[in-house]
Structure formats: C-alpha cells, structure tokens
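Structure first, commentary second.
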Amino acid sequence: MKGMDLQMLSHLSPTVLAAAGGILLLLIVLLIFLLKRKKGKGTGEKVPQAELVGLPGNTFDGPLRIRGRITEVGRDDDRDISLPWETISGLHAVIEFKDGLFWLEDQRSTNGTFLNGEQLEPNRAVRLKNGDQVTFDIYEFEFVIAKEGRRGQTVLRQATQPAQQPKQAPPIPTPTPKPPAGGDNATMIKKRMCPNHPSKKATELCLSCRTGYCPQCMMVKNGKDVCVNCAAK
C-alpha cells in the first residue's frame with residue numbers, strides 16, 4: 001500500500017511543482033507591478049494648467065504659468081518663476097502638485113510668503129486653491145486653475161425667460177340698453193302704429209290681446225286696460 005502511494009506521488013509531483021511554480025511566478029510579477037505603481041504614484045500625475053495672475057500694482061505683461069509638478073519661485077534667474085525684485089529671496093517659495101492638489105510652501109524667505117493675507121510658516125506646505133491670493137513680500141497674485149476660471153470673472157448665464165406677453169385688459173362689456181318704462185311692452189309699442197288709427201302711435205298696451213293701440217282706442221274694463229276691440233267681446 002505504501003509503495004502504491006509513493007508511486008502515485010512520484011507521478012503527480014512534476015505537475016504539482018509546475019503549477020506551483022507558475023503561481024509563484026505570477027505572484028512575483030504582480031508584486032513587482034504593484035511596487036512600481038506605488039513608487040511612481042504622484043510623480044506621473046498630470047499637472048492641471050494653472051497660473052499666477054498679477055494683481056494691480058505688479059508689472060507683468062501676462063500670467064506666470066505653473067509648468068511642472070514642482071515650481072520654484074524666487075529672484076534667481078534659474079527659478080521656474082523668476083521675480084526680479086530685490087525684496088524677493090533667491091528661492092522664495094515652492095508650488096507643488098501632489099495627490100491631485102496644489103500646495104504652497106515658503107522656503108524660509110526673508111520677507112515672507114502670504115496666502116489670503118496670512119503669513120505661512122517656513123517649510124510647511126499649505127493647500128492652494130483656485131482663486132487664492134498669493135503674496136510674495138508685497139507682490140500680490142491670484143492663483144488660477146485654468147479649468148475652473150478666475151473667481152468673479154465668468155458669470156453663469158441664466159436661462160432666458162420667455163418674454164411675457166402684456167396682459168390684455170378684459171373686454172369692456174357692452175352695456176345693454178335699458179328698456180324704457182313699461183318694459184318690453186313699451187319697447188314693442190314704440191315700434192308699431194295703432195291698428196285702428198295708422199297715423200297715431202301705439203303708446204298703450206292692451207292687456208288682453210297684448211296689442212298696442214293709441215290712447216283713443218283704449219279703455220278700462222274690469223280693472224284692466226284693454227282695447228275697444230277686446231272690450232266689445
């Protein structure tokens with residue numbers, strides 16, 4: 001029995017060793033890839049286009065562009081941003097793009113670096129945001145990230161409201177002429193002449209036949225104004 005087990009193990013060993021070796025090699029390659037990725041993280045980040053825009057009082061024809069991951073600012077000619085004023089230190093400050101953000105750090109300058117009016121501690125990086133005011137000694141700049149634009153420069157256009165049509169005044173109702181005294185009967189009478197006397201207007205109404213007559217043809221019967229024709233019936 002033991003001999004049979006050893007024989008089976010001897011047949012399986014090359015296959016098992018090959019599989020184990022393949023898995024080990026794959027793990028090594030994966031480990032190397034992760035180490036390289038971790039080592040290169042932050043150094044291969046794409047730096048957004050950003051710039052320092054001189055505020056009134058600075059003598060610059062255009063903005064000072066941030067061109068790399070680390071931008072040195074100082075009076076020396078070999079700095080990334082060279083400021084020619086005597087009160088600016090040779091290496092005054094550094095702007096760094098790291099972990100997807102911009103950072104500003106004073107390099108122990110003689111006259112200081114300021115962010116939004118607050119002086120920075122030397123060699124202590126502070127986050128730099130779009131629209132921040134950066135001051136080297138007394139020279140002021142606005143930090144602008146191109147894709148975000150300058151603060152207060154662009155105003156979102158509001159959706160155009162459709163022009164409101166002027167409200168039309170409600171139509172003035174045409175006054176209904178009031179019937180003359182006597183109501184509709186009087187109106188009917190005014191339009192007719194007396195049947196018995198065509199030359200005379202029918203100004204009276206017979207309450208029996210509802211016909212208009214002149215006063216000469218009217219009389220009172222049983223308390224009602226009736227024409228002579230109805231009275232004779």
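By convention here, the chains of the structure tokens are called A, B, ... in the order presented, each chain's residues are numbered starting at 1, and ligands are numbered starting at 1 in the order presented.
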Which residues are close to A:Glu105, i.e. within 12 Å by only C-alpha atoms, leaving aside same-chain residues fewer than 2 positions away? Reply as JSON, numbers by chain.
{"A": [70, 71, 72, 73, 91, 92, 93, 94, 95, 96, 97, 102, 103, 107, 108, 109, 112, 113, 114, 115, 119, 120, 121, 122, 123, 124, 125, 126, 127, 128, 134, 135, 136]}
Selection: 7 Å around stretch 53-55 of chain A, only C-alpha atoms, excl. self and same-chain fewer than 5 positions, as a ChimeraX atom specification:
/A:60,63-64,140-143
DSSP strand (DSSP E or B) residues within stretch 73-157 of chain A, as JSON, numbers by chain
{"A": [73, 74, 81, 82, 93, 94, 95, 96, 97, 98, 101, 102, 103, 104, 105, 106, 113, 114, 115, 118, 119, 122, 126, 127, 128, 133, 134, 135, 136, 139, 140, 141, 142, 143, 144, 145]}
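Nearest-residue note for A:Asp99: choosing from A:Arg69, A:Ala20, A:Val29, A:Lys233, the minimum distance belongs to A:Arg69, counting only C-alpha atoms.
If you look at atom CA of A:Val226 and atom CA of A:Gly212, they are 9.7 Å away from each other.
For the pair atom CA of A:Asn196 and atom CA of A:Cys217, the interatomic distance is 7.5 Å.
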